[in-house]
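Pasted below: upload_35.cif, mmCIF, C-alpha atoms.
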data_entry
loop_
_atom_site.label_atom_id
_atom_site.label_comp_id
_atom_site.auth_asym_id
_atom_site.auth_seq_id
_atom_site.Cartn_x
_atom_site.Cartn_y
_atom_site.Cartn_z
CA MET H 159 22.79 -32.79 14.23
CA LEU H 160 19.29 -32.83 15.72
CA LEU H 161 20.13 -29.86 17.90
CA ILE H 162 21.06 -27.80 14.86
CA VAL H 163 17.84 -28.82 13.12
CA LEU H 164 15.82 -27.83 16.17
CA ILE H 165 17.57 -24.48 16.39
CA ILE H 166 16.86 -23.75 12.73
CA TRP H 167 13.22 -24.73 13.17
CA ALA H 168 12.90 -22.42 16.19
CA VAL H 169 14.53 -19.52 14.34
CA SER H 170 12.18 -20.09 11.36
CA ALA H 171 9.14 -19.99 13.61
CA VAL H 172 10.28 -16.76 15.22
CA ILE H 173 11.06 -15.03 11.93
CA ALA H 174 7.81 -16.28 10.35
CA SER H 175 5.81 -14.76 13.21
CA PHE H 176 7.02 -11.30 12.18
CA PHE H 177 5.53 -11.81 8.72
CA SER H 178 2.21 -13.23 9.76
CA THR H 179 -0.02 -10.19 9.88
CA GLU H 180 -3.52 -10.08 8.56
CA THR H 181 -4.04 -8.13 5.36
CA GLY H 182 -7.66 -7.42 6.17
CA ASN H 183 -10.68 -7.61 3.90
CA VAL H 184 -11.88 -4.02 4.27
CA SER H 185 -9.76 -1.08 3.18
CA GLN H 186 -10.10 2.11 5.25
CA ILE H 187 -8.98 5.18 3.34
CA PRO H 188 -8.73 8.49 5.24
CA ILE H 189 -9.86 11.77 3.75
CA THR H 190 -8.56 14.35 6.17
CA GLY H 191 -8.20 18.08 5.78
CA VAL H 192 -8.72 20.13 2.66
CA ILE H 193 -9.19 18.17 -0.55
CA ARG H 194 -6.82 19.28 -3.26
CA ALA H 195 -5.41 17.87 -6.46
CA ASN H 196 -1.80 18.08 -5.21
CA SER H 197 -0.41 16.74 -1.99
CA GLU H 198 2.07 19.37 -0.96
CA THR H 199 2.28 19.63 2.79
CA GLY H 200 4.76 21.06 5.15
CA TYR H 201 5.11 22.14 8.72
CA PHE H 202 3.27 25.40 8.13
CA LYS H 203 0.60 24.18 5.78
CA GLU H 204 -2.73 22.70 6.78
CA LYS H 205 -3.31 19.00 6.24
CA VAL H 206 -4.28 18.31 2.65
CA THR H 207 -5.79 15.24 1.07
CA SER H 208 -4.60 14.72 -2.46
CA SER H 209 -7.29 13.51 -4.85
CA ASP H 210 -4.59 11.71 -6.89
CA GLU H 211 -3.57 9.65 -3.90
CA VAL H 212 -7.11 8.87 -2.77
CA VAL H 213 -8.19 7.85 -6.28
CA GLU H 214 -5.15 5.58 -6.51
CA LEU H 215 -5.97 3.95 -3.16
CA ILE H 216 -9.61 3.44 -4.13
CA GLU H 217 -8.65 1.87 -7.47
CA LYS H 218 -6.07 -0.40 -5.83
CA ALA H 219 -8.55 -1.54 -3.20
CA ASP H 220 -11.17 -2.17 -5.88
CA LYS H 221 -8.72 -4.35 -7.86
CA ASN H 222 -7.38 -6.21 -4.83
CA PRO H 223 -9.10 -9.60 -4.56
CA LEU H 224 -8.50 -9.65 -0.79
CA ILE H 225 -10.50 -6.48 -0.24
CA LYS H 226 -14.28 -6.89 -0.14
CA ALA H 227 -15.35 -3.36 0.81
CA ILE H 228 -14.00 0.17 1.22
CA ILE H 229 -14.51 2.67 4.03
CA LEU H 230 -13.87 6.34 3.44
CA GLU H 231 -13.05 7.84 6.81
CA ILE H 232 -13.98 11.48 6.24
CA ASN H 233 -12.85 14.35 8.41
CA SER H 234 -12.73 17.20 5.94
CA PRO H 235 -14.32 20.63 5.48
CA GLY H 236 -14.20 20.18 1.72
CA GLY H 237 -11.83 21.45 -0.91
CA SER H 238 -11.50 22.13 -4.58
CA ALA H 239 -14.40 21.23 -6.83
CA VAL H 240 -12.22 19.39 -9.32
CA ALA H 241 -10.41 17.32 -6.71
CA SER H 242 -13.69 16.45 -4.94
CA ASP H 243 -15.30 15.41 -8.22
CA GLU H 244 -12.30 13.24 -9.09
CA ILE H 245 -12.65 11.29 -5.88
CA ALA H 246 -16.45 11.13 -6.21
CA ARG H 247 -16.10 9.60 -9.68
CA ALA H 248 -13.61 7.02 -8.44
CA VAL H 249 -16.03 6.09 -5.65
CA LYS H 250 -18.89 5.68 -8.12
CA ASP H 251 -16.73 3.58 -10.45
CA ALA H 252 -15.72 1.22 -7.65
CA GLU H 253 -17.47 -2.12 -7.94
CA LYS H 254 -17.13 -3.00 -4.29
CA PRO H 255 -19.36 -1.52 -1.57
CA VAL H 256 -18.09 1.87 -0.39
CA VAL H 257 -19.18 3.31 2.94
CA ALA H 258 -18.57 6.93 3.88
CA TRP H 259 -17.95 7.37 7.58
CA ILE H 260 -18.24 11.07 8.44
CA ARG H 261 -16.52 11.93 11.67
CA GLU H 262 -16.20 15.56 12.85
CA SER H 263 -16.89 17.04 9.45
CA GLY H 264 -17.78 15.90 5.99
CA ALA H 265 -18.97 19.09 4.42
CA SER H 266 -18.98 20.69 1.02
CA GLY H 267 -16.56 18.85 -1.32
CA ALA H 268 -16.12 16.12 1.29
CA TYR H 269 -19.89 15.64 1.31
CA TRP H 270 -19.81 15.49 -2.50
CA VAL H 271 -17.43 12.52 -2.12
CA ALA H 272 -19.55 10.93 0.63
CA SER H 273 -22.74 11.24 -1.41
CA SER H 274 -21.21 9.06 -4.13
CA SER H 275 -20.79 6.15 -1.77
CA ASP H 276 -23.29 3.35 -1.17
CA TYR H 277 -23.96 4.24 2.43
CA ILE H 278 -23.25 7.18 4.70
CA VAL H 279 -22.80 6.97 8.46
CA ALA H 280 -22.34 10.17 10.43
CA ASN H 281 -22.30 11.14 14.05
CA ARG H 282 -25.40 13.08 15.12
CA MET H 283 -23.12 16.10 15.67
CA SER H 284 -21.03 15.77 12.54
CA ILE H 285 -20.87 18.88 10.39
CA THR H 286 -22.11 17.98 6.95
CA GLY H 287 -24.02 19.44 4.05
CA SER H 288 -22.70 22.87 3.05
CA ILE H 289 -23.77 22.18 -0.50
CA GLY H 290 -22.47 25.38 -1.94
CA VAL H 291 -19.47 26.94 -3.60
CA ILE H 292 -17.14 29.62 -2.34
CA SER H 293 -14.35 31.55 -3.97
CA SER H 294 -13.88 34.47 -1.65
CA TYR H 295 -10.53 36.12 -1.27
CA LEU H 296 -8.90 39.06 0.44
CA GLU H 297 -8.52 42.16 -1.68
CA PHE H 298 -5.66 44.45 -0.71
CA SER H 299 -6.07 47.41 -3.02
CA GLY H 300 -7.07 49.74 -0.15
CA LEU H 301 -4.15 48.64 2.00
CA LEU H 302 -1.71 49.11 -0.85
CA GLN H 303 -3.05 52.62 -1.42
CA ASP H 304 -2.51 53.48 2.25
CA TYR H 305 1.13 52.59 1.88
CA ASN H 306 1.49 54.35 -1.43
CA VAL H 307 1.98 51.13 -3.31
CA SER H 308 0.42 50.97 -6.73
CA TYR H 309 -0.59 48.01 -8.83
CA GLN H 310 0.73 48.28 -12.36
CA ARG H 311 -1.81 46.46 -14.47
CA LEU H 312 -0.21 45.03 -17.61
CA VAL H 313 -2.43 42.49 -19.27
CA ALA H 314 -3.32 41.25 -22.72
CA GLY H 315 -6.88 40.04 -22.47
CA GLU H 316 -9.37 42.15 -20.53
CA HIS H 317 -10.09 39.60 -17.84
CA LYS H 318 -6.61 38.07 -17.57
CA ASP H 319 -6.08 39.31 -14.01
CA ILE H 320 -9.66 38.74 -12.87
CA GLY H 321 -9.61 37.97 -9.16
CA SER H 322 -6.29 39.70 -8.54
CA PRO H 323 -6.13 40.72 -4.85
CA PHE H 324 -4.29 43.90 -5.79
CA ARG H 325 -7.23 45.66 -7.39
CA LYS H 326 -10.96 45.93 -6.95
CA LEU H 327 -13.26 43.52 -8.72
CA SER H 328 -15.49 45.25 -11.25
CA ASP H 329 -19.24 44.57 -11.42
CA GLU H 330 -18.82 42.81 -14.73
CA GLU H 331 -16.10 40.58 -13.25
CA LYS H 332 -18.26 39.83 -10.25
CA GLU H 333 -20.97 38.64 -12.62
CA ILE H 334 -18.52 36.44 -14.46
CA PHE H 335 -17.35 34.87 -11.22
CA GLN H 336 -20.91 34.42 -10.03
CA GLU H 337 -21.85 32.68 -13.26
CA TYR H 338 -19.04 30.17 -12.80
CA LEU H 339 -19.89 29.63 -9.15
CA ASP H 340 -23.55 29.04 -10.04
CA LYS H 341 -22.52 26.48 -12.68
CA VAL H 342 -20.34 24.56 -10.26
CA HIS H 343 -23.12 24.78 -7.68
CA GLU H 344 -25.54 23.19 -10.15
CA PHE H 345 -23.08 20.38 -10.89
CA PHE H 346 -22.74 19.80 -7.16
CA ILE H 347 -26.51 19.77 -6.53
CA GLU H 348 -27.18 17.49 -9.51
CA SER H 349 -24.61 14.99 -8.25
CA VAL H 350 -26.02 14.94 -4.74
CA LYS H 351 -29.60 14.73 -6.03
CA GLU H 352 -28.72 11.77 -8.23
CA ASN H 353 -26.51 10.03 -5.67
CA ARG H 354 -29.00 10.38 -2.82
CA ASN H 355 -32.17 10.01 -4.85
CA LEU H 356 -33.55 13.28 -3.59
CA SER H 357 -36.79 14.88 -4.69
CA ASP H 358 -36.94 18.48 -5.92
CA GLU H 359 -38.57 19.39 -2.62
CA GLN H 360 -35.66 17.93 -0.68
CA VAL H 361 -33.14 19.65 -2.92
CA LYS H 362 -34.74 23.05 -2.20
CA LYS H 363 -33.96 22.59 1.49
CA ILE H 364 -30.29 21.84 0.99
CA ARG H 365 -29.23 24.06 -1.88
CA ASP H 366 -28.64 27.25 0.08
CA GLY H 367 -25.18 26.09 1.20
CA ARG H 368 -25.80 25.93 4.92
CA PHE H 369 -24.23 23.16 6.92
CA PHE H 370 -26.25 20.63 8.90
CA LEU H 371 -25.56 18.57 11.94
CA GLY H 372 -25.65 14.84 11.39
CA ALA H 373 -29.07 14.49 13.01
CA GLU H 374 -30.60 17.10 10.69
CA ALA H 375 -28.79 15.63 7.71
CA LYS H 376 -30.46 12.27 8.37
CA GLU H 377 -33.90 13.86 8.32
CA LEU H 378 -33.07 15.60 5.07
CA GLY H 379 -31.92 12.37 3.43
CA LEU H 380 -28.29 13.36 3.23
CA VAL H 381 -27.12 10.64 5.58
CA ASP H 382 -28.27 7.01 5.95
CA GLU H 383 -27.48 6.24 9.56
CA LEU H 384 -26.33 8.00 12.69
CA GLY H 385 -23.52 6.31 14.50
CA GLY H 386 -19.86 5.51 14.31
CA LYS H 387 -17.45 2.73 13.50
CA LYS H 388 -19.67 0.03 14.96
CA GLU H 389 -22.51 0.95 12.58
CA VAL H 390 -20.11 1.12 9.64
CA ILE H 391 -18.79 -2.36 10.37
CA ARG H 392 -22.28 -3.76 10.87
CA TYR H 393 -23.40 -2.44 7.48
CA ILE H 394 -20.30 -3.76 5.73
CA GLU H 395 -20.63 -7.21 7.28
CA SER H 396 -24.25 -7.33 6.11
CA ARG H 397 -23.06 -6.56 2.59
CA ILE H 398 -20.05 -8.84 2.35
CA ASN H 399 -21.41 -11.69 4.50
CA GLU H 400 -18.19 -12.18 6.41
CA THR H 401 -16.41 -10.69 9.39
CA ALA H 402 -14.90 -7.33 8.56
CA VAL H 403 -11.16 -7.04 9.21
CA ILE H 404 -10.23 -3.43 8.62
CA LYS H 405 -6.84 -2.36 7.34
CA LYS H 406 -5.96 1.30 7.01
CA HIS H 407 -4.52 2.27 3.67
CA GLU H 408 -2.95 5.62 3.15
CA LYS H 409 -0.14 6.99 1.07
CA LYS H 410 2.97 6.83 3.19
CA LYS H 411 5.54 9.48 2.55
CA SER H 412 9.12 8.33 2.60
CA PHE H 413 11.53 10.01 4.98
CA PHE H 414 13.20 11.69 2.01
CA GLU H 415 9.90 13.10 0.76
CA MET H 416 9.08 14.52 4.19
CA ILE H 417 12.45 16.20 4.43
CA LEU H 418 12.10 17.67 0.93
CA GLU H 419 8.64 19.07 1.67
CA SER H 420 9.62 20.58 5.00
CA SER H 421 12.48 22.44 3.36
CA SER H 422 10.38 23.68 0.45
CA PRO H 423 10.44 27.53 0.23
CA LYS H 424 6.64 27.65 0.35
CA THR H 425 6.49 26.23 3.84
CA THR H 426 8.35 29.19 5.27
CA PHE H 427 5.94 31.84 4.09
CA PHE H 428 2.82 32.18 6.22
CA GLY H 429 1.58 35.22 4.38
CA LYS H 430 1.96 33.69 0.96
CA ASP H 431 -0.76 31.20 1.78
CA LEU H 432 -3.16 34.02 2.52
CA ILE H 433 -2.88 35.62 -0.87
CA SER H 434 -1.64 32.78 -3.05
CA ARG H 435 -3.78 32.11 -6.04
CA ASP H 436 -3.71 28.69 -7.60
CA ASN H 437 -5.87 27.03 -10.19
CA SER H 438 -8.37 25.74 -7.67
CA LEU H 439 -10.16 29.07 -7.38
CA ILE H 440 -13.49 27.49 -6.84
CA ILE H 441 -13.81 25.82 -3.50
CA THR H 442 -16.71 23.66 -2.42
CA MET I 228 40.84 -61.33 4.17
CA LYS I 229 42.06 -57.87 3.61
CA VAL I 230 39.40 -55.22 3.23
CA SER I 231 40.18 -51.73 2.01
CA MET I 232 38.10 -48.64 2.43
CA HIS I 233 38.69 -45.49 0.55
CA GLU I 234 36.80 -42.42 -0.41
CA MET I 235 35.52 -41.80 -3.86
CA THR I 236 33.23 -39.19 -5.35
CA ALA I 237 29.66 -39.89 -4.34
CA SER I 238 27.41 -41.19 -7.06
CA LEU I 239 24.92 -38.87 -8.68
CA TRP I 240 21.82 -40.78 -7.59
CA LYS I 241 22.94 -40.83 -3.93
CA ARG I 242 23.56 -37.09 -4.00
CA ALA I 243 20.22 -36.43 -5.67
CA LEU I 244 18.34 -38.57 -3.17
CA ALA I 245 20.18 -36.95 -0.25
CA PHE I 246 19.15 -33.54 -1.63
CA VAL I 247 15.52 -34.62 -1.92
CA ILE I 248 15.57 -35.80 1.70
CA ASP I 249 17.10 -32.51 2.81
CA LEU I 250 14.54 -30.50 0.85
CA SER I 251 11.74 -32.43 2.57
CA ILE I 252 13.22 -31.56 5.94
CA ILE I 253 13.62 -27.92 4.92
CA ASN I 254 9.99 -27.91 3.81
CA LEU I 255 9.02 -29.09 7.27
CA ILE I 256 11.21 -26.94 9.47
CA VAL I 257 11.75 -23.81 7.38
CA ILE I 258 8.95 -23.35 4.84
CA SER I 259 5.96 -24.57 6.88
CA PRO I 260 6.18 -21.78 9.50
CA PHE I 261 5.95 -19.24 6.66
CA ARG I 262 2.84 -20.70 5.00
CA ASN I 263 0.49 -18.40 6.91
CA ALA I 264 2.48 -15.36 5.90
CA ILE I 265 1.95 -15.86 2.18
CA GLY I 266 -0.86 -18.38 2.10
CA GLU I 267 -3.36 -15.77 0.92
CA ILE I 268 -1.76 -15.75 -2.52
CA PHE I 269 -2.73 -19.38 -3.01
CA THR I 270 -6.30 -18.93 -1.87
CA ASN I 271 -6.95 -15.85 -3.96
CA ALA I 272 -4.98 -16.33 -7.18
CA SER I 273 -4.71 -19.50 -9.22
CA THR I 274 -3.10 -18.36 -12.47
CA PHE I 275 0.11 -16.44 -13.08
CA ALA I 276 -1.87 -13.44 -14.32
CA GLU I 277 -4.03 -13.43 -11.19
CA THR I 278 -1.00 -13.73 -8.96
CA TYR I 279 0.68 -10.82 -10.77
CA GLU I 280 -2.47 -8.68 -10.47
CA PHE I 281 -2.81 -9.63 -6.81
CA LEU I 282 0.76 -8.63 -6.00
CA ILE I 283 0.63 -5.39 -7.99
CA SER I 284 -2.57 -4.25 -6.26
CA ASN I 285 -1.23 -5.20 -2.87
CA PRO I 286 2.27 -3.73 -2.51
CA ASP I 287 2.43 -4.55 1.20
CA TYR I 288 2.04 -8.16 0.24
CA LEU I 289 4.74 -7.98 -2.41
CA SER I 290 7.30 -6.67 0.05
CA ARG I 291 6.20 -9.40 2.43
CA VAL I 292 6.82 -12.03 -0.25
CA TYR I 293 10.35 -10.68 -0.82
CA GLY I 294 10.97 -10.78 2.91
CA VAL I 295 9.79 -14.36 3.12
CA MET I 296 11.95 -15.39 0.15
CA ILE I 297 15.05 -13.86 1.70
CA SER I 298 14.32 -15.44 5.10
CA VAL I 299 13.59 -18.91 3.72
CA SER I 300 16.70 -18.98 1.53
CA ALA I 301 18.90 -17.72 4.39
CA LEU I 302 17.52 -20.40 6.73
CA ALA I 303 17.95 -23.12 4.10
CA VAL I 304 21.58 -22.12 3.57
CA MET I 305 21.98 -22.12 7.34
CA TYR I 306 20.63 -25.69 7.52
CA PHE I 307 23.11 -27.01 4.97
CA ALA I 308 26.06 -24.86 6.08
CA LEU I 309 25.80 -25.45 9.82
CA LEU I 310 25.26 -29.19 9.53
CA GLU I 311 28.08 -29.69 7.03
CA TRP I 312 30.41 -27.43 9.00
CA LYS I 313 29.81 -29.26 12.29
CA THR I 314 29.27 -32.84 11.13
CA ASN I 315 30.33 -32.91 7.45
CA GLN I 316 26.86 -34.25 6.71
CA THR I 317 23.26 -33.12 6.43
CA ILE I 318 20.45 -35.49 7.41
CA GLY I 319 19.99 -36.49 3.77
CA LYS I 320 23.69 -37.20 3.38
CA TYR I 321 23.67 -39.18 6.61
CA VAL I 322 20.85 -41.38 5.34
CA MET I 323 22.63 -41.92 2.00
CA ARG I 324 25.97 -42.46 3.73
CA ILE I 325 27.80 -39.72 1.92
CA HIS I 326 29.69 -36.81 3.42
CA VAL I 327 31.61 -33.67 2.61
CA LYS I 328 35.40 -33.48 2.35
CA PRO I 329 37.70 -32.05 3.78
CA LYS I 330 37.08 -33.30 7.27
CA SER I 331 37.96 -29.95 8.85
CA LEU I 332 35.53 -27.97 6.81
CA LYS I 333 35.61 -24.22 7.41
CA LEU I 334 32.39 -22.24 7.78
CA TRP I 335 33.01 -20.14 4.66
CA GLN I 336 33.44 -23.33 2.65
CA ALA I 337 30.20 -24.75 4.02
CA VAL I 338 28.37 -21.52 3.12
CA VAL I 339 29.84 -21.06 -0.36
CA ARG I 340 29.11 -24.66 -1.43
CA ASN I 341 25.41 -24.10 -0.63
CA LEU I 342 24.82 -20.65 -2.10
CA GLU I 343 23.03 -22.01 -5.16
CA ILE I 344 19.91 -22.26 -2.97
CA VAL I 345 19.63 -18.46 -2.80
CA PRO I 346 17.15 -17.35 -5.50
CA PHE I 347 18.65 -13.90 -6.04
CA PHE I 348 21.25 -12.58 -8.40
CA PRO I 349 24.15 -13.39 -8.60
CA PHE I 350 23.72 -16.68 -6.70
CA VAL I 351 20.88 -17.78 -8.93
CA ILE I 352 23.46 -18.28 -11.70
CA LEU I 353 24.86 -21.19 -9.69
CA MET I 354 21.42 -22.83 -9.92
CA PHE I 355 22.05 -23.27 -13.64
CA LEU I 356 25.80 -23.79 -13.68
CA ASP I 357 26.05 -26.33 -10.83
CA PRO I 358 24.13 -29.10 -12.65
CA VAL I 359 26.12 -28.49 -15.85
CA PHE I 360 29.43 -28.84 -13.99
CA LEU I 361 28.09 -31.86 -12.13
CA ILE I 362 27.26 -33.64 -15.35
CA PHE I 363 30.48 -32.85 -17.18
CA LYS I 364 33.03 -32.62 -14.37
CA ASN I 365 31.35 -34.74 -11.70
CA LYS I 366 31.64 -31.78 -9.34
CA ARG I 367 29.36 -28.77 -8.80
CA LEU I 368 30.80 -25.31 -9.53
CA SER I 369 30.00 -24.37 -5.90
CA GLU I 370 32.20 -27.25 -4.76
CA ILE I 371 35.06 -26.14 -6.98
CA LEU I 372 34.76 -22.59 -5.62
CA SER I 373 34.61 -23.78 -2.00
CA LYS I 374 37.34 -26.42 -2.52
CA THR I 375 35.10 -29.18 -1.18
CA GLU I 376 33.84 -32.50 -2.45
CA THR I 377 30.97 -34.86 -1.69
CA VAL I 378 32.31 -38.37 -1.22
CA GLU I 379 31.31 -41.83 -0.09
CA TYR I 380 33.27 -44.67 1.37
CA HIS I 381 33.85 -47.51 -0.95
CA VAL I 382 34.74 -50.87 0.53
CA TRP I 383 36.58 -53.34 -1.64
CA THR I 384 38.42 -56.51 -1.21
CA PRO I 385 41.48 -57.05 -3.33
#
Give the structure from the file, written as structure tokens.
Amino acid sequence: MLLIVLIIWAVSAVIASFFSTETGNVSQIPITGVIRANSETGYFKEKVTSSDEVVELIEKADKNPLIKAIILEINSPGGSAVASDEIARAVKDAEKPVVAWIRESGASGAYWVASSSDYIVANRMSITGSIGVISSYLEFSGLLQDYNVSYQRLVAGEHKDIGSPFRKLSDEEKEIFQEYLDKVHEFFIESVKENRNLSDEQVKKIRDGRFFLGAEAKELGLVDELGGKKEVIRYIESRINETAVIKKHEKKKSFFEMILESSSPKTTFFGKDLISRDNSLIIT
Amino acid sequence: MKVSMHEMTASLWKRALAFVIDLSIINLIVISPFRNAIGEIFTNASTFAETYEFLISNPDYLSRVYGVMISVSALAVMYFALLEWKTNQTIGKYVMRIHVKPKSLKLWQAVVRNLEIVPFFPFVILMFLDPVFLIFKNKRLSEILSKTETVEYHVWTP
């Protein structure tokens, strides 16, 4: 009888040990690759961070009583203006301290997200800044002409096919595009100015869209501290007054989802990515 | 003086007390090792609403709770089933001097008569039906299904 009891106790202890893992008190959310609103990936597509998924992770971490702070681990060249703004708003709405840790790059839209956080740590060689907007595309009208292919323009609404790669952009259309780009640029600059408490003088130095190395970014007020994970943890521990135990949180795709995405028709067309036009025309 | 000993259905209070003793032992050997795994719920949420919010915002934790529930109930069934199968008694029954009939209890019988401990459908139905049968028929539904009985020796002198 006692032997059976001892065996059951031993089995309980062994099984319980598999469950005893720390949940952590700091949530680390990765922002890797291009920032987009959707999360479609595949073997032949570049890594994309979905703003929907990141916003969901930030909101969950903010609601979770176990989590005391959030780290955004940023390694992104930027992405769509809308998706970047969505994440930036979620970061600003979070009540817990949010630290942006810029690794190789945190530029453009990714910097927009970082600027909304409470504290930014970047490596001295991180690529950051790039506070500008781009919407360039390849225009194939000349190539089509060479191969005797014509573009049959059938539109209702003069500017319906504005930005079509199959015909030249008119001067008027260029102006329209430029107006939109300038507007988005102003939104971007205003956000960064407000988030980083920058003076007009400081804004003048950063508004031309160039990128900066981490060391320069610190001098310009775009980054708070140069360093890496150690500096991030030190700052967080000073804010939460307890030892930081970091747990990575990212949206895990199920096996079924991965199989579905890899067999999606889009993943088999390299060229389609070059000329595909989606709603996120404006890229920061 | 002639003394006779025969088996009769164990009294309700002896069975209840035996069960309490067994639950205490299960708390010690089965539940205690799992306290660390789900202890954070109790330190961070005190009301039902807080616990719900905690589990919803922490899906890893929720799946961990399910895992713990399944493990604990399986181990508790194992405690009762193995002991009754091998010795016809659990520790609680031994203390209260009651035991399970038939003497040559099969393993499936020992398992089936203890399935009401499992807190998942459909076994959770037994949690409600067993006491009702016990009160009105003096036998739990699980015992009827497993063809077993909890008895005690009664000594009497004619």
Using only the atoms of segment 263-274 of chain H listed in the file, plus 5 Å on each side, state the axis-aligned box centre and edge lengths in Å rounded to one decimal, as AutoDock Vina command-line options.
--center_x -19.4 --center_y 14.9 --center_z 2.7 --size_x 16.6 --size_y 21.6 --size_z 23.6
Chain and number of each residue from the PyMOL selection byres ((chain I and resi 342-344) around 8), as a compact mmCIF listing (two decimals) with C-alpha atoms, in the coordinates of the input:
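What ended up in expr_7.txt:
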# COMPACT_ATOMS: atom_id res chain seq x y z
CA SER I 300 16.70 -18.98 1.53
CA ALA I 303 17.95 -23.12 4.10
CA VAL I 304 21.58 -22.12 3.57
CA VAL I 338 28.37 -21.52 3.12
CA VAL I 339 29.84 -21.06 -0.36
CA ARG I 340 29.11 -24.66 -1.43
CA ASN I 341 25.41 -24.10 -0.63
CA VAL I 345 19.63 -18.46 -2.80
CA PRO I 346 17.15 -17.35 -5.50
CA PHE I 350 23.72 -16.68 -6.70
CA VAL I 351 20.88 -17.78 -8.93
CA ILE I 352 23.46 -18.28 -11.70
CA LEU I 353 24.86 -21.19 -9.69
CA MET I 354 21.42 -22.83 -9.92
CA ASP I 357 26.05 -26.33 -10.83
CA SER I 369 30.00 -24.37 -5.90
**Request:** Identify which of the residues H:Ile166, H:Glu316, H:Leu161, H:Ala375 lies closest to Glu331 of chain H, counting all atoms listed in the file when measuring atom-to-atom distances.
**Result:**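 Ranking H:Ile166, H:Glu316, H:Leu161, H:Ala375 by distance to Glu331 of chain H, first place goes to H:Glu316.
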What are the residues of chain H that have an atom within 10 Å of an atom of chain I, counting only C-alpha atoms, as a PDB file with C-alpha atoms, in the coordinates of the input?
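Listed below is the output, result22.pdb:
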ATOM      1  CA  MET H 159      22.790 -32.790  14.230  1.00  0.00           C
ATOM      2  CA  LEU H 160      19.290 -32.830  15.720  1.00  0.00           C
ATOM      3  CA  LEU H 161      20.130 -29.860  17.900  1.00  0.00           C
ATOM      4  CA  ILE H 162      21.060 -27.800  14.860  1.00  0.00           C
ATOM      5  CA  VAL H 163      17.840 -28.820  13.120  1.00  0.00           C
ATOM      6  CA  LEU H 164      15.820 -27.830  16.170  1.00  0.00           C
ATOM      7  CA  ILE H 165      17.570 -24.480  16.390  1.00  0.00           C
ATOM      8  CA  ILE H 166      16.860 -23.750  12.730  1.00  0.00           C
ATOM      9  CA  TRP H 167      13.220 -24.730  13.170  1.00  0.00           C
ATOM     10  CA  ALA H 168      12.900 -22.420  16.190  1.00  0.00           C
ATOM     11  CA  VAL H 169      14.530 -19.520  14.340  1.00  0.00           C
ATOM     12  CA  SER H 170      12.180 -20.090  11.360  1.00  0.00           C
ATOM     13  CA  ALA H 171       9.140 -19.990  13.610  1.00  0.00           C
ATOM     14  CA  VAL H 172      10.280 -16.760  15.220  1.00  0.00           C
ATOM     15  CA  ILE H 173      11.060 -15.030  11.930  1.00  0.00           C
ATOM     16  CA  ALA H 174       7.810 -16.280  10.350  1.00  0.00           C
ATOM     17  CA  SER H 175       5.810 -14.760  13.210  1.00  0.00           C
ATOM     18  CA  PHE H 176       7.020 -11.300  12.180  1.00  0.00           C
ATOM     19  CA  PHE H 177       5.530 -11.810   8.720  1.00  0.00           C
ATOM     20  CA  SER H 178       2.210 -13.230   9.760  1.00  0.00           C
ATOM     21  CA  THR H 179      -0.020 -10.190   9.880  1.00  0.00           C
ATOM     22  CA  GLU H 180      -3.520 -10.080   8.560  1.00  0.00           C
ATOM     23  CA  THR H 181      -4.040  -8.130   5.360  1.00  0.00           C
ATOM     24  CA  LEU H 215      -5.970   3.950  -3.160  1.00  0.00           C
ATOM     25  CA  GLU H 217      -8.650   1.870  -7.470  1.00  0.00           C
ATOM     26  CA  LYS H 218      -6.070  -0.400  -5.830  1.00  0.00           C
ATOM     27  CA  ALA H 219      -8.550  -1.540  -3.200  1.00  0.00           C
ATOM     28  CA  ASP H 220     -11.170  -2.170  -5.880  1.00  0.00           C
ATOM     29  CA  LYS H 221      -8.720  -4.350  -7.860  1.00  0.00           C
ATOM     30  CA  ASN H 222      -7.380  -6.210  -4.830  1.00  0.00           C
ATOM     31  CA  PRO H 223      -9.100  -9.600  -4.560  1.00  0.00           C
ATOM     32  CA  LEU H 224      -8.500  -9.650  -0.790  1.00  0.00           C
ATOM     33  CA  ILE H 225     -10.500  -6.480  -0.240  1.00  0.00           C
TER      34      ILE H 225
END
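Residues lying within 6 Å of (-24.2, 9.0, 9.3). Counted over only C-alpha atoms, they are Ile278, Val279, Ala280, Asn281, Val381, Asp382, Glu383, Leu384 and Gly385 of chain H.
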**Message:** Selection in question (the file shown): the PyMOL selection byres ((chain H and resi 236-246) around 10). Which residues does it include, as a ChimeraX atom specification?
**Reply:** /H:189-196,206-214,216,232-235,247-251,263-275,286,288,291-293,342-343,345-346,349,437-442
**Request:** Using the chain letters and numbers from the file, give me the residues hit by the PyMOL selection byres ((chain H and resi 407) around 7), as a list in words.
**Result:**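 Output from the PyMOL selection byres ((chain H and resi 407) around 7), applied to this file: Ser185, Gln186, Ile187, Lys405, Lys406, Glu408 and Lys409 of chain H.
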Neighbours of Glu234 of chain I within 7 Å (all atoms listed in the file; same-chain residues fewer than 3 positions away dropped), as a compact mmCIF listing (two decimals) with C-alpha atoms, in the coordinates of the input?
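Final output, part_37.txt:
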# COMPACT_ATOMS: atom_id res chain seq x y z
CA VAL I 378 32.31 -38.37 -1.22
CA GLU I 379 31.31 -41.83 -0.09
CA TYR I 380 33.27 -44.67 1.37
CA HIS I 381 33.85 -47.51 -0.95
**Message:** Between atom CA of Ala245 of chain I and atom CA of Val327 of chain I, what distance in Å does the model show, to one decimal?
**Reply:** 12.2 Å
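Taking atom CA of Phe369 of chain H and atom CA of Ser357 of chain H as the two end points, the separation is 19.0 Å.
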